[in-house]
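Below is one structure; the comments refer to it alone.
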Amino acid sequence: MKGLLEKLKAFAQEHSLFEKNTYIGVAVSGGPDSVFLLRMMIEAQNDFGFKLHILHYNHSIRKESDSEEMFVKKIAEELNLPLTAEKGDVLRFKQEKQMSLEEAARIKRYQFFERARKSLGLDFIATGHTKNDFVETLLMNLIRGSSLDGLVSLKPKRGYFTRPILAFTKEEIVNFLEREKIEFVMDSSNLDDTFTRNRIRMKLIKELELLNPNILETVFREGMLLLEDSAYLNKKAELELAKSKRGSKGRAILDLTKIDKNPAILKRVISKSVKELLGSNYSLSSTNIKRIFETAESGKTTHLRKLIKAYKEGDFLVIERYED
């Protein structure tokens with residue numbers, strides 16, 4: 001336990017995951033990762049002085065969902081920790097929105113987290129993402145086609161979400177729980193290879209391990225380096241946006257004489273401008289970012305799905321939101 005706790009504390013300090021005397025929600029599904037996370041957070045309380053509140057979302061996807069909720073309630077009672085649980089209908093939401101089951105479950109779960117954060121006054125929410133999750137996400141986004149930011153989207157900290165056990169492998173976690181005889185439940189859907197993430201874990205990574213037995217450590221280390229590059233470029237883009245943007249309702253007007261036109265910077269400035277116009281949940285594809293970037297070079301007007309129009313006015317790039 002001591003060695004694992006020191007590892008968690010070092011990772012948390014390196015990435016500024018915790019603040020003194022805060023109120024933290026811990027997402028607990030009942031699986032090994034979340035149970036391990038909860039145990040580590042309890043052990044870390046003395047050093048950081050935070051209070052904990054267990055959060056559980058019942059997706060109602062599998063027949064075990066209700067029993068898993070009861071298991072988490074039992075944990076909360078045994079540890080004398082407050083619990084907020086909610087039950088949702090992910091399958092119905094999936095059908096209504098015509099999206100994948102994975103995406104529907106993620107959206108409903110994070111909507112619950114947001115409601116819990118506001119109603120409980122939580123400062124942060126800790127989730128049980130592991131080193132395996134980081135590597136799987138990077139490979140999945142690489143296969144689908146992604147920007148640098150997309151490759152390292154599973155960050156140690158993002159907004160009020162923190163991932164304290166991101167530096168731990170699944171093997172470390174399960175070994176600890178079994179050694180300490182700590183109960184957990186297994187999600188049967190993790191064995192369903194119709195899910196892309198499961199195929200990556202069960203097949204692709206196994207093949208890569210034949211080439212490099214330390215593939216998890218290698219990809220994680222390289223991913224952390226990419227994360228540093230991504231953070232630097234985004235910070236630079238924020239500074240460039242601040243000094244070049246003129247405010248106007250429904251429009252972002254960028255002074256091209258005052259902006260770094262390096263593609264890595266200007267494309268990020270464009271992306272951030274569009275997010276401000278359409279909302280933080282909207283992301284342009286790399287193809288559409290490139291089209292607006294080319295507008296800054298050629299002056300040719302670009303129209304994007306009746307959402308955005310980009311054009312030049314002298315030395316200014318104008319990105320305009322279509323009115324409803």
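Just remember, in the structure tokens the first chain shown is A, the second B, etc., residues are 1-based per chain, and ligands are 1-based in the order shown.
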
- Task: Write out as number ranges by chain the residues lying within 10 Å of Ile61 (chain A), counting only C-alpha atoms and excluding same-chain residues fewer than 3 positions away.
- Result: A: 58, 64-66, 88-92, 101, 105, 189

- Query: Could you pull out the strand (DSSP E) residues of region 61-300 of chain A from DSSP and send them as a PyMOL selection string?
  - Reply: chain A and resi 83-87+124-126+157-158+161-162+245-248+251-255

- Message: Report, in Å to a single decimal, how far apart CA of Phe124 (chain A) and CA of Tyr160 (chain A) are.
- Response: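 According to the coordinates, CA of Tyr160 (chain A) and CA of Phe124 (chain A) are separated by 4.7 Å.
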
- Leaving out Lys203 (chain A) and any residue of its chain fewer than 4 positions from it, which residues lie within 12 Å of it when counting only C-alpha atoms, given as number ranges by chain? A: 136, 191-199, 207-210

Any chance you can output those residues with C-alpha atoms as a PDB file, in the first residue's frame?
ATOM      1  CA  GLU A 136      -6.415   2.401 -25.452  1.00  0.00           C
ATOM      2  CA  LEU A 191     -15.445  -8.960 -22.768  1.00  0.00           C
ATOM      3  CA  ASP A 192     -17.712  -7.943 -25.654  1.00  0.00           C
ATOM      4  CA  ASP A 193     -15.446  -7.505 -28.679  1.00  0.00           C
ATOM      5  CA  THR A 194     -18.130  -5.678 -30.641  1.00  0.00           C
ATOM      6  CA  PHE A 195     -16.953  -2.570 -28.774  1.00  0.00           C
ATOM      7  CA  THR A 196     -13.979  -0.872 -30.427  1.00  0.00           C
ATOM      8  CA  ARG A 197     -12.155  -0.272 -27.149  1.00  0.00           C
ATOM      9  CA  ASN A 198     -12.456  -3.923 -26.179  1.00  0.00           C
ATOM     10  CA  ARG A 199     -11.054  -5.078 -29.518  1.00  0.00           C
ATOM     11  CA  GLU A 207      -0.307  -8.140 -30.863  1.00  0.00           C
ATOM     12  CA  LEU A 208       1.764  -5.045 -30.080  1.00  0.00           C
ATOM     13  CA  GLU A 209       3.080  -6.726 -26.928  1.00  0.00           C
ATOM     14  CA  LEU A 210       4.653  -9.371 -29.173  1.00  0.00           C
TER      15      LEU A 210
END

- Message: Between CA of Lys155 (chain A) and CA of Ile125 (chain A), what is the distance in Å, rounded to a tenth?
- Response: 13.6 Å

- Item | Close residues, region 47-53 of chain A itself excluded, 8 Å, only C-alpha atoms, min 5 positions apart in chain, as a PyMOL selection string | chain A and resi 18-26+42+81-84

- Query: How far is it from CA of Glu294 (chain A) to CA of Glu313 (chain A), in Å with one decimal?
  - Reply: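 Between CA of Glu294 (chain A) and CA of Glu313 (chain A) the gap works out to 14.3 Å.
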
Please list as a compact mmCIF listing (two decimals) with C-alpha atoms, in the first residue's frame every residue within 8 Å of Asn141 (chain A), counting only C-alpha atoms and excluding residues in the same chain fewer than 5 positions away.
# COMPACT_ATOMS: atom_id res chain seq x y z
CA SER A 146 -7.34 12.55 -34.76
CA GLY A 150 -7.48 14.23 -29.69
CA LEU A 151 -4.73 11.66 -29.22

- Task: Report the residues of region 4-235 of chain A whose backbone DSSP state falls under alpha helix (DSSP H), written as number ranges by chain.
- Result: A: 4-14, 32-48, 65-79, 90-97, 101-120, 131-144, 148-151, 170-179, 196-199, 205-211, 215-235

Output C-alpha atoms for every residue in that selection, as a compact mmCIF listing (two decimals), in the first residue's frame.
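Written file, result_1.txt:
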# COMPACT_ATOMS: atom_id res chain seq x y z
CA LEU A 4 1.27 2.63 -4.34
CA LEU A 5 0.19 5.59 -2.23
CA GLU A 6 3.53 7.35 -2.78
CA LYS A 7 3.14 6.77 -6.51
CA LEU A 8 -0.34 8.29 -6.48
CA LYS A 9 0.78 11.30 -4.45
CA ALA A 10 3.75 11.94 -6.74
CA PHE A 11 1.52 11.78 -9.84
CA ALA A 12 -1.11 14.01 -8.22
CA GLN A 13 1.50 16.62 -7.26
CA GLU A 14 3.15 16.53 -10.68
CA PRO A 32 -11.62 -2.88 -9.80
CA ASP A 33 -10.39 0.49 -11.05
CA SER A 34 -12.97 2.57 -9.20
CA VAL A 35 -12.68 0.51 -6.01
CA PHE A 36 -8.90 0.93 -6.11
CA LEU A 37 -9.33 4.68 -6.73
CA LEU A 38 -11.62 5.02 -3.71
CA ARG A 39 -9.20 3.15 -1.44
CA MET A 40 -6.28 5.30 -2.59
CA MET A 41 -8.26 8.52 -2.13
CA ILE A 42 -9.15 7.51 1.42
CA GLU A 43 -5.47 6.88 2.16
CA ALA A 44 -4.48 10.23 0.61
CA GLN A 45 -6.96 12.22 2.72
CA ASN A 46 -4.49 12.87 5.54
CA ASP A 47 -2.01 14.53 3.17
CA PHE A 48 -4.46 16.67 1.24
CA SER A 65 -26.59 -3.11 -13.08
CA ASP A 66 -28.89 -3.08 -10.04
CA SER A 67 -26.75 -5.52 -8.06
CA GLU A 68 -23.70 -3.38 -8.82
CA GLU A 69 -25.52 -0.35 -7.42
CA MET A 70 -26.29 -2.30 -4.27
CA PHE A 71 -22.64 -3.33 -4.05
CA VAL A 72 -21.54 0.32 -4.17
CA LYS A 73 -24.12 1.24 -1.52
CA LYS A 74 -22.64 -1.49 0.68
CA ILE A 75 -19.14 -0.03 0.18
CA ALA A 76 -20.37 3.44 1.14
CA GLU A 77 -21.97 2.10 4.32
CA GLU A 78 -18.89 0.10 5.32
CA LEU A 79 -16.60 3.09 4.78
CA VAL A 90 -29.10 4.57 -21.51
CA LEU A 91 -30.60 2.18 -24.07
CA ARG A 92 -33.57 4.46 -24.62
CA PHE A 93 -31.29 7.51 -24.87
CA LYS A 94 -29.13 5.65 -27.42
CA GLN A 95 -32.17 4.92 -29.58
CA GLU A 96 -33.49 8.48 -29.34
CA LYS A 97 -30.16 10.03 -30.29
CA LEU A 101 -24.03 2.54 -26.82
CA GLU A 102 -20.57 3.60 -25.63
CA GLU A 103 -21.20 7.26 -26.47
CA ALA A 104 -24.72 7.25 -25.02
CA ALA A 105 -23.45 5.77 -21.74
CA ARG A 106 -20.63 8.31 -21.55
CA ILE A 107 -22.95 11.28 -22.14
CA LYS A 108 -25.55 10.16 -19.58
CA ARG A 109 -22.85 9.41 -17.00
CA TYR A 110 -21.21 12.81 -17.37
CA GLN A 111 -24.56 14.58 -17.27
CA PHE A 112 -25.10 12.90 -13.90
CA PHE A 113 -21.64 14.00 -12.74
CA GLU A 114 -22.44 17.60 -13.68
CA ARG A 115 -25.73 17.55 -11.78
CA ALA A 116 -24.03 16.01 -8.75
CA ARG A 117 -21.23 18.55 -8.84
CA LYS A 118 -23.67 21.45 -8.77
CA SER A 119 -26.12 20.05 -6.24
CA LEU A 120 -23.44 18.83 -3.81
CA LYS A 131 -2.74 3.71 -17.80
CA ASN A 132 -4.47 1.03 -19.89
CA ASP A 133 -7.36 3.42 -20.58
CA PHE A 134 -4.94 6.15 -21.64
CA VAL A 135 -3.16 3.86 -24.11
CA GLU A 136 -6.41 2.40 -25.45
CA THR A 137 -7.86 5.89 -25.99
CA LEU A 138 -4.73 7.11 -27.78
CA LEU A 139 -4.71 4.08 -30.10
CA MET A 140 -8.46 4.31 -30.72
CA ASN A 141 -8.25 7.98 -31.70
CA LEU A 142 -5.16 7.34 -33.82
CA ILE A 143 -7.00 4.64 -35.75
CA ARG A 144 -10.07 6.84 -36.25
CA LEU A 148 -2.65 15.87 -31.51
CA ASP A 149 -5.16 17.16 -28.95
CA GLY A 150 -7.48 14.23 -29.69
CA LEU A 151 -4.73 11.66 -29.22
CA LYS A 170 -4.81 -2.66 -14.59
CA GLU A 171 -2.44 -5.43 -13.52
CA GLU A 172 -1.11 -3.38 -10.58
CA ILE A 173 -4.65 -2.58 -9.50
CA VAL A 174 -6.06 -6.11 -9.62
CA ASN A 175 -2.97 -7.55 -7.94
CA PHE A 176 -3.37 -5.11 -5.05
CA LEU A 177 -7.09 -5.77 -4.60
CA GLU A 178 -6.64 -9.52 -4.67
CA ARG A 179 -3.68 -9.39 -2.30
CA THR A 196 -13.98 -0.87 -30.43
CA ARG A 197 -12.15 -0.27 -27.15
CA ASN A 198 -12.46 -3.92 -26.18
CA ARG A 199 -11.05 -5.08 -29.52
CA ILE A 205 -2.48 -4.45 -27.70
CA LYS A 206 -1.84 -8.17 -27.38
CA GLU A 207 -0.31 -8.14 -30.86
CA LEU A 208 1.76 -5.05 -30.08
CA GLU A 209 3.08 -6.73 -26.93
CA LEU A 210 4.65 -9.37 -29.17
CA LEU A 211 6.75 -6.58 -30.71
CA ILE A 215 4.08 -1.38 -25.00
CA LEU A 216 1.82 0.07 -22.29
CA GLU A 217 4.71 1.90 -20.62
CA THR A 218 6.13 3.02 -23.97
CA VAL A 219 2.89 4.45 -25.35
CA PHE A 220 2.00 6.04 -22.02
CA ARG A 221 5.41 7.74 -21.77
CA GLU A 222 5.21 9.02 -25.35
CA GLY A 223 1.64 10.14 -24.74
CA MET A 224 2.69 12.20 -21.74
CA LEU A 225 5.30 13.93 -23.93
CA LEU A 226 2.64 14.64 -26.55
CA LEU A 227 0.42 16.02 -23.80
CA GLU A 228 3.13 18.53 -22.88
CA ASP A 229 3.41 19.62 -26.53
CA SER A 230 -0.37 19.92 -26.81
CA ALA A 231 -0.59 22.04 -23.64
CA TYR A 232 2.16 24.39 -24.83
CA LEU A 233 0.60 24.89 -28.27
CA ASN A 234 -2.83 25.52 -26.79
CA LYS A 235 -1.47 28.06 -24.31

- Can you tell me, as a list in words, what residues are no more than 10 Å from Leu241 (chain A) when counting only C-alpha atoms, ignoring any on the same chain fewer than 4 positions away? Lys235, Lys236, Ala237, Lys245, Arg246, Ala252, Ile253, Leu254, Asp255, Lys258, Ile259, Asp260, Ile265, Leu266, Arg268, Val269, Ile270, Lys272 and Ser273 of chain A
